[in-house]
file run-v7.cif (mmCIF, C-alpha atoms and all ligand atoms)
data_input
loop_
_atom_site.label_atom_id
_atom_site.label_comp_id
_atom_site.auth_asym_id
_atom_site.auth_seq_id
_atom_site.Cartn_x
_atom_site.Cartn_y
_atom_site.Cartn_z
CA MET A 1 0.00 0.00 0.00
CA ILE A 2 2.78 2.39 1.00
CA GLU A 3 4.61 1.47 -2.17
CA GLN A 4 1.49 2.11 -4.22
CA ILE A 5 1.16 5.56 -2.65
CA GLN A 6 4.79 6.37 -3.39
CA LYS A 7 4.45 5.18 -6.98
CA ILE A 8 1.48 7.43 -7.64
CA GLY A 9 3.28 10.25 -5.84
CA ASN A 10 6.23 9.88 -8.21
CA GLU A 11 3.95 9.76 -11.22
CA LEU A 12 2.36 12.99 -10.05
CA SER A 13 5.70 14.71 -9.57
CA GLY A 14 6.89 13.65 -13.00
CA TYR A 15 3.65 14.60 -14.78
CA GLU A 16 4.15 17.19 -17.50
CA PHE A 17 1.24 19.29 -18.72
CA LYS A 18 1.97 20.10 -22.35
CA ALA A 19 -1.38 21.41 -23.55
CA VAL A 20 -4.71 22.31 -22.04
CA GLU A 21 -6.16 18.94 -23.10
CA ASP A 22 -3.72 17.27 -20.65
CA THR A 23 -5.57 18.77 -17.70
CA GLU A 24 -8.62 16.64 -18.44
CA LYS A 25 -6.48 13.55 -19.00
CA PHE A 26 -4.76 14.20 -15.68
CA ARG A 27 -8.09 14.63 -13.90
CA ILE A 28 -9.41 11.32 -15.26
CA GLN A 29 -6.19 9.44 -14.51
CA PHE A 30 -5.77 10.59 -10.91
CA LEU A 31 -8.91 12.26 -9.61
CA GLY A 32 -11.72 10.72 -11.66
CA SER A 33 -14.22 8.28 -10.14
CA LYS A 34 -12.18 5.43 -11.63
CA GLY A 35 -8.85 7.20 -11.15
CA GLN A 36 -5.79 6.03 -9.24
CA ILE A 37 -6.38 8.06 -6.06
CA LYS A 38 -9.97 6.85 -5.89
CA GLY A 39 -8.45 3.33 -6.13
CA LEU A 40 -6.28 4.03 -3.09
CA TYR A 41 -9.34 4.94 -1.03
CA THR A 42 -10.93 1.62 -2.02
CA MET A 43 -7.77 -0.18 -0.93
CA LEU A 44 -7.78 1.73 2.38
CA ARG A 45 -10.83 -0.31 3.42
CA GLU A 46 -8.59 -3.43 3.57
CA VAL A 47 -5.86 -1.75 5.68
CA PRO A 48 -5.75 -2.84 9.36
CA ASN A 49 -7.48 -0.33 11.63
CA ASP A 50 -4.30 0.77 13.50
CA GLN A 51 -2.68 1.88 10.20
CA LYS A 52 -5.77 3.44 8.64
CA LYS A 53 -5.18 6.89 10.12
CA GLU A 54 -1.64 7.32 8.86
CA ILE A 55 -2.22 5.84 5.40
CA GLY A 56 -5.46 7.80 5.08
CA GLN A 57 -3.58 11.02 5.75
CA GLN A 58 -1.00 10.13 3.09
CA ILE A 59 -3.74 9.48 0.51
CA ASN A 60 -5.43 12.79 1.44
CA ALA A 61 -2.11 14.62 0.98
CA LEU A 62 -1.71 12.98 -2.42
CA LYS A 63 -5.20 14.00 -3.41
CA LEU A 64 -4.58 17.62 -2.33
CA LYS A 65 -1.32 17.65 -4.30
CA ALA A 66 -3.06 16.36 -7.45
CA GLU A 67 -5.87 18.93 -7.10
CA HIS A 68 -3.36 21.73 -6.60
CA MET A 69 -1.34 20.63 -9.65
CA LEU A 70 -4.50 20.51 -11.73
CA ASP A 71 -5.56 24.03 -10.66
CA GLU A 72 -2.11 25.44 -11.43
CA ALA A 73 -1.95 23.75 -14.81
CA LYS A 74 -5.42 25.06 -15.75
CA LYS A 75 -4.47 28.62 -14.79
CA LYS A 76 -1.40 28.44 -16.98
CA LEU A 77 -2.82 26.66 -19.98
CA ILE A 78 -6.34 27.97 -20.42
CA GLY A 79 -6.46 30.36 -23.37
CA THR A 80 -3.59 28.64 -25.15
CA SER A 81 -5.77 25.90 -26.55
CA THR A 82 -5.13 24.43 -29.96
CA TYR A 83 -8.41 22.67 -29.51
CA GLN A 84 -10.77 22.93 -32.52
CA SER A 85 -14.19 24.40 -31.71
CA LYS A 86 -17.16 22.30 -32.70
CA GLU A 87 -19.01 25.53 -33.59
CA ASP A 88 -19.03 26.52 -37.25
CA LEU A 89 -16.89 29.63 -37.17
CA THR A 90 -17.47 30.33 -40.87
CA ARG A 91 -21.19 30.79 -40.32
CA PRO A 92 -22.25 34.38 -41.25
CA ALA A 93 -22.96 36.59 -38.24
CA ALA A 94 -26.49 37.60 -37.34
CA LYS A 95 -27.60 40.64 -39.36
CA LEU A 96 -27.28 44.02 -37.69
CA PRO A 97 -30.57 45.91 -37.73
CA LEU A 98 -30.40 48.54 -40.50
CA GLY A 99 -31.88 51.98 -40.11
CA SER A 100 -33.77 53.75 -42.85
CA HIS A 101 -33.86 57.23 -44.28
CA HIS A 102 -36.79 59.42 -43.34
CA PRO A 103 -39.35 59.54 -46.18
CA LEU A 104 -38.98 63.32 -46.42
CA SER A 105 -35.20 62.94 -46.80
CA ILE A 106 -35.73 60.39 -49.56
CA VAL A 107 -38.08 62.68 -51.47
CA ARG A 108 -35.94 65.78 -50.89
CA ARG A 109 -32.88 63.92 -52.18
CA ASP A 110 -34.80 62.72 -55.27
CA ILE A 111 -36.05 66.22 -56.09
CA ILE A 112 -32.59 67.75 -55.61
CA ASP A 113 -31.11 65.10 -57.92
CA VAL A 114 -33.59 66.00 -60.65
CA PHE A 115 -32.68 69.69 -60.57
CA LYS A 116 -28.96 68.98 -60.28
CA LYS A 117 -29.18 67.17 -63.63
CA ILE A 118 -30.23 70.42 -65.31
CA GLY A 119 -27.63 72.61 -63.68
CA PHE A 120 -29.29 73.94 -60.52
CA SER A 121 -27.10 74.58 -57.48
CA ILE A 122 -28.28 74.19 -53.88
CA SER A 123 -28.58 77.16 -51.56
CA GLU A 124 -29.49 77.34 -47.91
CA GLY A 125 -30.32 80.13 -45.51
CA PRO A 126 -31.37 80.83 -41.92
CA GLU A 127 -34.68 79.60 -40.48
CA ILE A 128 -34.93 82.74 -38.35
CA GLU A 129 -35.43 85.59 -40.82
CA ASP A 130 -35.92 89.31 -40.84
CA ASP A 131 -38.93 90.97 -42.41
CA TRP A 132 -36.91 92.12 -45.43
CA HIS A 133 -35.89 88.67 -46.66
CA ASN A 134 -39.13 86.89 -45.81
CA PHE A 135 -41.59 89.61 -46.94
CA SER A 136 -40.52 93.10 -48.02
CA ALA A 137 -37.97 92.17 -50.66
CA LEU A 138 -40.52 89.74 -52.04
CA ASN A 139 -42.99 92.52 -52.77
CA PHE A 140 -45.40 91.76 -49.92
CA PRO A 141 -47.41 94.94 -49.28
CA PRO A 142 -47.34 95.98 -45.60
CA GLU A 143 -50.97 94.97 -45.09
CA HIS A 144 -50.64 91.56 -46.78
CA PRO A 145 -52.48 88.84 -44.81
CA ALA A 146 -49.46 86.48 -44.92
CA ARG A 147 -47.70 88.87 -42.55
CA ASP A 148 -50.54 88.48 -40.11
CA MET A 149 -50.09 87.00 -36.65
CA GLN A 150 -52.24 84.07 -37.77
CA ASP A 151 -49.76 82.86 -40.34
CA THR A 152 -46.37 83.81 -39.01
CA PHE A 153 -44.48 82.92 -35.85
CA PHE A 154 -43.00 86.24 -34.82
CA ILE A 155 -39.95 86.32 -32.60
CA LYS A 156 -39.81 90.11 -32.47
CA LYS A 157 -42.66 92.43 -33.47
CA GLY A 158 -42.52 96.13 -34.29
CA GLU A 159 -39.52 97.69 -35.99
CA ASN A 160 -37.01 95.26 -37.55
CA GLU A 161 -39.33 92.33 -37.23
CA ILE A 162 -37.82 88.88 -36.79
CA ALA A 163 -39.82 85.72 -37.55
CA LEU A 164 -39.47 82.04 -38.40
CA ARG A 165 -39.35 81.96 -42.18
CA THR A 166 -42.69 81.09 -43.77
CA HIS A 167 -41.13 79.95 -47.07
CA THR A 168 -37.65 79.41 -48.52
CA SER A 169 -38.16 82.26 -51.01
CA SER A 170 -36.19 84.17 -48.37
CA VAL A 171 -33.10 82.18 -49.37
CA GLN A 172 -33.60 83.22 -52.99
CA VAL A 173 -33.50 86.89 -51.97
CA ARG A 174 -30.20 86.23 -50.23
CA VAL A 175 -28.82 84.49 -53.34
CA MET A 176 -29.89 87.39 -55.58
CA GLU A 177 -28.35 89.94 -53.20
CA ASN A 178 -25.02 88.17 -53.33
CA ASN A 179 -24.83 86.99 -56.95
CA GLN A 180 -25.40 88.41 -60.39
CA PRO A 181 -27.17 86.32 -63.11
CA PRO A 182 -27.04 83.76 -64.48
CA ILE A 183 -28.54 82.31 -61.29
CA ARG A 184 -29.94 78.79 -61.22
CA THR A 185 -30.54 77.50 -57.73
CA ILE A 186 -32.89 75.48 -55.55
CA SER A 187 -33.43 76.14 -51.85
CA PRO A 188 -34.53 73.19 -49.74
CA GLY A 189 -35.40 73.76 -46.09
CA ARG A 190 -37.82 73.77 -43.21
CA VAL A 191 -40.46 76.48 -42.98
CA TYR A 192 -42.94 77.48 -40.27
CA ARG A 193 -46.55 78.65 -40.26
CA ASN A 194 -48.78 79.42 -37.37
CA GLU A 195 -51.41 76.75 -38.04
CA ALA A 196 -53.26 74.29 -35.82
CA ILE A 197 -51.79 70.80 -36.30
CA SER A 198 -54.10 68.38 -38.12
CA ALA A 199 -53.86 65.64 -40.74
CA ARG A 200 -53.74 68.30 -43.47
CA ALA A 201 -51.77 71.15 -41.85
CA HIS A 202 -48.73 71.46 -39.63
CA CYS A 203 -46.88 74.31 -37.98
CA PHE A 204 -43.72 73.29 -39.80
CA PHE A 205 -43.07 71.59 -43.11
CA HIS A 206 -40.42 71.42 -45.83
CA GLN A 207 -40.11 73.26 -49.10
CA ILE A 208 -37.95 73.26 -52.16
CA GLU A 209 -38.04 76.48 -54.08
CA GLY A 210 -36.30 77.11 -57.40
CA LEU A 211 -35.02 80.26 -59.07
CA TYR A 212 -33.64 80.82 -62.56
CA ILE A 213 -32.54 84.27 -63.70
CA ASP A 214 -30.75 85.13 -66.90
CA GLU A 215 -31.21 87.19 -70.06
CA GLY A 216 -34.33 86.19 -71.98
CA VAL A 217 -35.77 83.61 -69.56
CA SER A 218 -39.42 83.06 -70.52
CA PHE A 219 -42.55 81.38 -69.26
CA ALA A 220 -41.92 78.60 -71.79
CA ASP A 221 -38.64 77.80 -70.00
CA LEU A 222 -40.55 77.57 -66.72
CA LYS A 223 -43.13 75.22 -68.19
CA GLN A 224 -40.54 72.95 -69.77
CA THR A 225 -38.48 72.80 -66.55
CA LEU A 226 -41.55 71.81 -64.54
CA LEU A 227 -42.61 69.19 -67.10
CA PHE A 228 -39.12 67.67 -66.89
CA PHE A 229 -39.35 67.65 -63.10
CA ALA A 230 -42.83 66.04 -63.08
CA GLN A 231 -41.79 63.29 -65.50
CA GLU A 232 -38.61 62.52 -63.57
CA VAL A 233 -40.47 62.25 -60.27
CA PHE A 234 -43.84 60.79 -61.33
CA GLY A 235 -42.89 58.85 -64.47
CA SER A 236 -42.52 59.66 -68.15
CA SER A 237 -46.25 59.62 -68.84
CA ALA A 238 -46.93 62.42 -66.31
CA LYS A 239 -48.57 65.56 -67.69
CA ILE A 240 -48.79 69.00 -66.11
CA ARG A 241 -51.30 71.82 -66.33
CA LEU A 242 -50.95 75.41 -65.17
CA ARG A 243 -53.78 77.43 -63.63
CA PRO A 244 -53.53 81.21 -63.18
CA SER A 245 -52.86 82.20 -59.58
CA TYR A 246 -51.41 85.01 -57.49
CA PHE A 247 -48.20 85.44 -55.47
CA PRO A 248 -46.84 88.88 -54.55
CA PHE A 249 -43.36 87.98 -55.85
CA THR A 250 -44.27 86.57 -59.28
CA GLU A 251 -46.19 88.03 -62.23
CA PRO A 252 -47.78 86.21 -63.93
CA SER A 253 -48.24 83.44 -61.36
CA ALA A 254 -49.59 79.94 -61.70
CA GLU A 255 -50.40 76.84 -59.74
CA VAL A 256 -49.25 73.58 -61.26
CA ASP A 257 -51.13 70.29 -61.27
CA VAL A 258 -49.71 66.92 -62.28
CA SER A 259 -51.88 64.21 -63.83
CA CYS A 260 -53.01 61.82 -61.08
CA THR A 261 -50.55 58.96 -60.99
CA ILE A 262 -52.71 56.98 -58.60
CA CYS A 263 -55.75 56.51 -60.89
CA LYS A 264 -54.01 57.39 -64.18
CA SER A 265 -56.32 60.43 -64.41
CA LYS A 266 -59.46 58.29 -64.34
CA GLY A 267 -60.60 59.90 -61.08
CA CYS A 268 -60.06 58.74 -57.49
CA ASN A 269 -60.50 60.09 -53.96
CA VAL A 270 -56.92 61.40 -53.84
CA CYS A 271 -57.40 63.66 -56.89
CA LYS A 272 -61.03 64.22 -55.85
CA TYR A 273 -62.18 62.71 -59.14
CA SER A 274 -60.58 65.53 -61.16
CA GLY A 275 -57.66 63.50 -62.56
CA TRP A 276 -55.22 66.23 -61.40
CA LEU A 277 -53.13 66.81 -58.27
CA GLU A 278 -51.87 70.22 -57.20
CA ILE A 279 -48.11 70.12 -56.57
CA LEU A 280 -46.56 73.59 -56.66
CA GLY A 281 -46.76 77.34 -57.17
CA CYS A 282 -44.70 79.26 -59.70
CA GLY A 283 -44.38 82.35 -61.88
CA MET A 284 -42.11 84.89 -63.51
CA VAL A 285 -40.14 86.81 -60.89
CA ASP A 286 -41.76 90.23 -60.40
CA PRO A 287 -39.41 93.01 -61.62
CA ASN A 288 -39.85 94.71 -58.21
CA VAL A 289 -38.26 91.65 -56.58
CA LEU A 290 -35.30 91.69 -58.96
CA GLU A 291 -34.73 95.41 -58.34
CA ALA A 292 -35.04 95.03 -54.55
CA SER A 293 -32.17 92.53 -54.63
CA GLY A 294 -29.96 94.59 -56.93
CA ILE A 295 -30.64 92.88 -60.26
CA ASP A 296 -31.36 94.95 -63.37
CA SER A 297 -34.93 93.99 -64.33
CA LYS A 298 -34.56 95.58 -67.79
CA LYS A 299 -31.73 93.25 -68.67
CA TYR A 300 -32.73 90.10 -66.82
CA SER A 301 -35.86 88.06 -66.30
CA GLY A 302 -36.45 84.86 -64.39
CA PHE A 303 -38.84 82.30 -63.06
CA ALA A 304 -39.40 80.88 -59.59
CA PHE A 305 -41.32 77.94 -58.23
CA GLY A 306 -41.93 76.43 -54.82
CA MET A 307 -43.22 73.07 -53.64
CA GLY A 308 -43.90 71.27 -50.37
CA VAL A 309 -41.79 68.16 -49.83
CA GLU A 310 -44.56 66.61 -47.68
CA ARG A 311 -47.03 67.03 -50.56
CA ILE A 312 -44.77 65.21 -53.03
CA ALA A 313 -44.05 62.50 -50.42
CA GLN A 314 -47.78 62.14 -49.82
CA LEU A 315 -48.32 61.45 -53.53
CA LYS A 316 -45.34 59.12 -53.87
CA PHE A 317 -45.92 57.11 -50.70
CA LYS A 318 -49.66 57.66 -50.24
CA VAL A 319 -49.25 58.98 -46.70
CA ASN A 320 -52.31 61.08 -46.06
CA ASP A 321 -51.69 62.29 -42.51
CA LEU A 322 -49.03 65.01 -42.29
CA ARG A 323 -48.49 64.30 -38.59
CA MET A 324 -46.94 60.92 -39.39
CA TYR A 325 -43.79 62.65 -40.65
CA SER A 326 -42.84 64.10 -37.29
CA GLU A 327 -44.09 61.56 -34.75
CA ASN A 328 -41.00 59.33 -34.90
CA ASP A 329 -43.13 56.19 -34.92
CA LEU A 330 -40.80 53.34 -35.88
CA ARG A 331 -43.70 51.33 -37.32
CA PHE A 332 -44.08 54.12 -39.88
CA LEU A 333 -40.40 54.90 -40.45
CA GLU A 334 -39.31 51.27 -40.88
CA GLN A 335 -41.53 50.94 -43.92
CA PHE A 336 -39.09 53.04 -45.91
CA LYS A 337 -36.13 50.64 -45.60
CA SER A 338 -36.71 49.18 -49.05
CA THR A 339 -36.34 52.60 -50.66
CA LEU A 340 -32.66 52.88 -49.66
N1 LIG B 401 -43.19 80.83 -51.72
C1 LIG B 401 -44.44 80.26 -52.18
C2 LIG B 401 -45.10 79.57 -51.00
O1 LIG B 401 -44.50 79.37 -50.00
C3 LIG B 401 -44.26 79.29 -53.30
C4 LIG B 401 -43.79 79.93 -54.56
C5 LIG B 401 -42.43 80.07 -54.81
C6 LIG B 401 -44.69 80.42 -55.48
C7 LIG B 401 -42.01 80.68 -55.98
C8 LIG B 401 -44.26 81.00 -56.63
C9 LIG B 401 -42.92 81.13 -56.88
O2 LIG B 401 -46.26 79.24 -51.07
#

call {"tool": "encode", "arguments": {"input": "run-v7.cif", "output": "structure tokens"}}
result
Amino acid sequence: MIEQIQKIGNELSGYEFKAVEDTEKFRIQFLGSKGQIKGLYTMLREVPNDQKKEIGQQINALKLKAEHMLDEAKKKLIGTSTYQSKEDLTRPAAKLPLGSHHPLSIVRRDIIDVFKKIGFSISEGPEIEDDWHNFSALNFPPEHPARDMQDTFFIKKGENEIALRTHTSSVQVRVMENNQPPIRTISPGRVYRNEAISARAHCFFHQIEGLYIDEGVSFADLKQTLLFFAQEVFGSSAKIRLRPSYFPFTEPSAEVDVSCTICKSKGCNVCKYSGWLEILGCGMVDPNVLEASGIDSKKYSGFAFGMGVERIAQLKFKVNDLRMYSENDLRFLEQFKSTL
């Protein structure tokens, strides 16, 4: 028995752990339920009672030594394994959830791309505007209802009025003040109007306005530019029609309808059974506006147009409630992933 204990003791002392797999082999050989130390405890039963205590202590010491060696070896070797995982490491990782662009960003980008193709630059300006750029330079008479408290969010009333811009025509004034023709630019941006929020109106929305000024620019140029735009955005079979209208800053002025793409002009509830959808306002820039911004109205003429991005998005995506665009509801926004 003593010999047996010594033999196992020597084996332990001479044991070399080469790789992490050896720790498990070691455990089975010495400490496992059929291992050598377990065997010694079985043999202990046969030892005469007067020797049991001493031999028992020796076996316990051996067991402690083996456990200690195993712990040390594990500490050293774990992490250095050459062991092949049974997992398939070539399997593609789980997909990361992808975000999506906001529908208004998608439509704004599409519209900008259309006008870029025909040489328009992009101009931006402040959302907080003075009276001159938002109204006066654009030929708004002092008593014009658009200046009224009901339509405009004023920041400062009285002299040198400051307000949130009600349209991006204000940016066009800034462009004209700082550049001489030829000018060909579009101004995308957020605008504000003092309206109660409902499905059909909001206190802020987005516009893209266009301006083209050069020698000899005519109404025919305006019409052709808008037809090109409509066909790029709504498809090559889209038609447009112009109805006379009024804006202080354009003369003559018109409102533009596009043939209803939803019912192919047959009549539906979106076009109110007329076959046409209103999409923008436009006209020839009033000579007063050119002069106010330092452009010679005898030499130059130009056209301007302005559209609501929400309106175009409504027609493209059939979203009828304006509030959806600013509620940040993921169930709504996630539907636009496929348009990336
Ligand atoms: N600024 C006008 C609006 O906000 C749109 C427009 C722009 C109309 C240019 C005509 C010419 O309603």

call {"tool": "atom_distance", "arguments": {"input": "run-v7.cif", "atom1": "CA of Arg45 (chain A)", "atom2": "CA of Gly32 (chain A)"}}
result
18.7 Å

call {"tool": "closest_residue", "arguments": {"input": "run-v7.cif", "among": "A:Gly189, A:Gly210, A:Pro248, A:Gly9", "to": "Phe140 (chain A)", "atoms": "only C-alpha atoms"}}
result
A:Pro248

call {"tool": "closest_atom_pairs", "arguments": {"input": "run-v7.cif", "of": "chain A", "to": "ligand LIG 401 (chain B)", "cutoff": "6 Å", "atoms": "only C-alpha atoms and all ligand atoms", "output": "CSV"}}
result
residue,atom,partner,partner_atom,distance
A:His167,CA,B:LIG401,O1,4.5
A:Ser169,CA,B:LIG401,N1,5.3
A:Glu209,CA,B:LIG401,C5,5.7
A:Gly281,CA,B:LIG401,C6,4.1
A:Cys282,CA,B:LIG401,C8,3.6
A:Gly283,CA,B:LIG401,C9,5.3
A:Ala304,CA,B:LIG401,C9,4.4
A:Phe305,CA,B:LIG401,C7,3.6
A:Gly306,CA,B:LIG401,C5,3.7

call {"tool": "closest_residue", "arguments": {"input": "run-v7.cif", "among": "A:Gly308, A:Pro48, A:Pro97, A:Pro287", "to": "Thr250 (chain A)", "atoms": "all atoms listed in the file"}}
result
A:Pro287

call {"tool": "closest_residue", "arguments": {"input": "run-v7.cif", "among": "A:Lys18, A:His68, A:His133, A:Lys63", "to": "Gly39 (chain A)", "atoms": "only C-alpha atoms"}}
result
A:Lys63

call {"tool": "closest_residue", "arguments": {"input": "run-v7.cif", "among": "A:Arg109, A:Lys86, A:Arg311, A:Lys156", "to": "Glu129 (chain A)", "atoms": "only C-alpha atoms"}}
result
A:Lys156

call {"tool": "atom_distance", "arguments": {"input": "run-v7.cif", "atom1": "CA of Asn60 (chain A)", "atom2": "CA of Lys75 (chain A)"}}
result
22.7 Å

call {"tool": "atom_distance", "arguments": {"input": "run-v7.cif", "atom1": "CA of Asp257 (chain A)", "atom2": "CA of His202 (chain A)"}}
result
21.8 Å

call {"tool": "residues_around", "arguments": {"input": "run-v7.cif", "residues": "region 251-256 of chain A", "least_positions_apart": "5", "cutoff": "8 Å", "atoms": "only C-alpha atoms", "output": "PyMOL selection string"}}
result
chain A and resi 240-246+278-286

call {"tool": "residues_near_point", "arguments": {"input": "run-v7.cif", "point": "(-28.9, 72.0, -62.2)", "cutoff": "12 Å", "atoms": "all atoms listed in the file", "output": "list in words"}}
result
Ile111, Ile112, Asp113, Val114, Phe115, Lys116, Lys117, Ile118, Gly119, Phe120, Ser121, Ile122, Ser123, Ile183, Arg184, Thr185, Ile186, Gly210, Leu211, Tyr212, Thr225 and Phe229 of chain A

call {"tool": "closest_residue", "arguments": {"input": "run-v7.cif", "among": "A:Leu12, A:Leu104, A:Ile213, A:Ile262", "to": "Leu290 (chain A)", "atoms": "all atoms listed in the file"}}
result
A:Ile213

call {"tool": "residues_near_point", "arguments": {"input": "run-v7.cif", "point": "(-50.8, 78.0, -36.6)", "cutoff": "10 Å", "atoms": "all atoms listed in the file", "output": "VMD selection string"}}
result
chain A and resid 149 to 153 192 to 197 201 to 204

call {"tool": "build_atoms", "arguments": {"input": "run-v7.cif", "residues": "region 104-116 of chain A", "atoms": "N, CA, C and O atoms", "output": "compact mmCIF listing (two decimals), keeping the file's coordinate frame"}}
result
# COMPACT_ATOMS: atom_id res chain seq x y z
N LEU A 104 -39.16 61.96 -45.89
CA LEU A 104 -38.98 63.32 -46.42
C LEU A 104 -37.56 63.51 -46.94
O LEU A 104 -37.34 64.24 -47.92
N SER A 105 -36.58 62.85 -46.30
CA SER A 105 -35.20 62.94 -46.80
C SER A 105 -35.09 62.25 -48.15
O SER A 105 -34.39 62.73 -49.05
N ILE A 106 -35.79 61.12 -48.29
CA ILE A 106 -35.73 60.39 -49.56
C ILE A 106 -36.29 61.27 -50.69
O ILE A 106 -35.67 61.42 -51.75
N VAL A 107 -37.44 61.87 -50.43
CA VAL A 107 -38.08 62.68 -51.47
C VAL A 107 -37.26 63.95 -51.75
O VAL A 107 -37.05 64.32 -52.90
N ARG A 108 -36.75 64.57 -50.70
CA ARG A 108 -35.94 65.78 -50.89
C ARG A 108 -34.72 65.46 -51.75
O ARG A 108 -34.40 66.17 -52.69
N ARG A 109 -34.07 64.32 -51.42
CA ARG A 109 -32.88 63.92 -52.18
C ARG A 109 -33.25 63.67 -53.65
O ARG A 109 -32.53 64.10 -54.55
N ASP A 110 -34.38 63.00 -53.89
CA ASP A 110 -34.80 62.72 -55.27
C ASP A 110 -35.03 64.01 -56.05
O ASP A 110 -34.61 64.15 -57.20
N ILE A 111 -35.72 64.96 -55.40
CA ILE A 111 -36.05 66.22 -56.09
C ILE A 111 -34.75 66.99 -56.39
O ILE A 111 -34.56 67.50 -57.50
N ILE A 112 -33.86 67.04 -55.40
CA ILE A 112 -32.59 67.75 -55.61
C ILE A 112 -31.83 67.12 -56.77
O ILE A 112 -31.29 67.82 -57.64
N ASP A 113 -31.82 65.79 -56.83
CA ASP A 113 -31.11 65.10 -57.92
C ASP A 113 -31.65 65.49 -59.29
O ASP A 113 -30.90 65.65 -60.25
N VAL A 114 -32.97 65.63 -59.37
CA VAL A 114 -33.59 66.00 -60.65
C VAL A 114 -33.08 67.37 -61.10
O VAL A 114 -32.68 67.56 -62.25
N PHE A 115 -33.09 68.33 -60.18
CA PHE A 115 -32.68 69.69 -60.57
C PHE A 115 -31.17 69.82 -60.76
O PHE A 115 -30.71 70.65 -61.54
N LYS A 116 -30.42 68.97 -60.06
CA LYS A 116 -28.96 68.98 -60.28
C LYS A 116 -28.63 68.59 -61.72
O LYS A 116 -27.71 69.13 -62.32
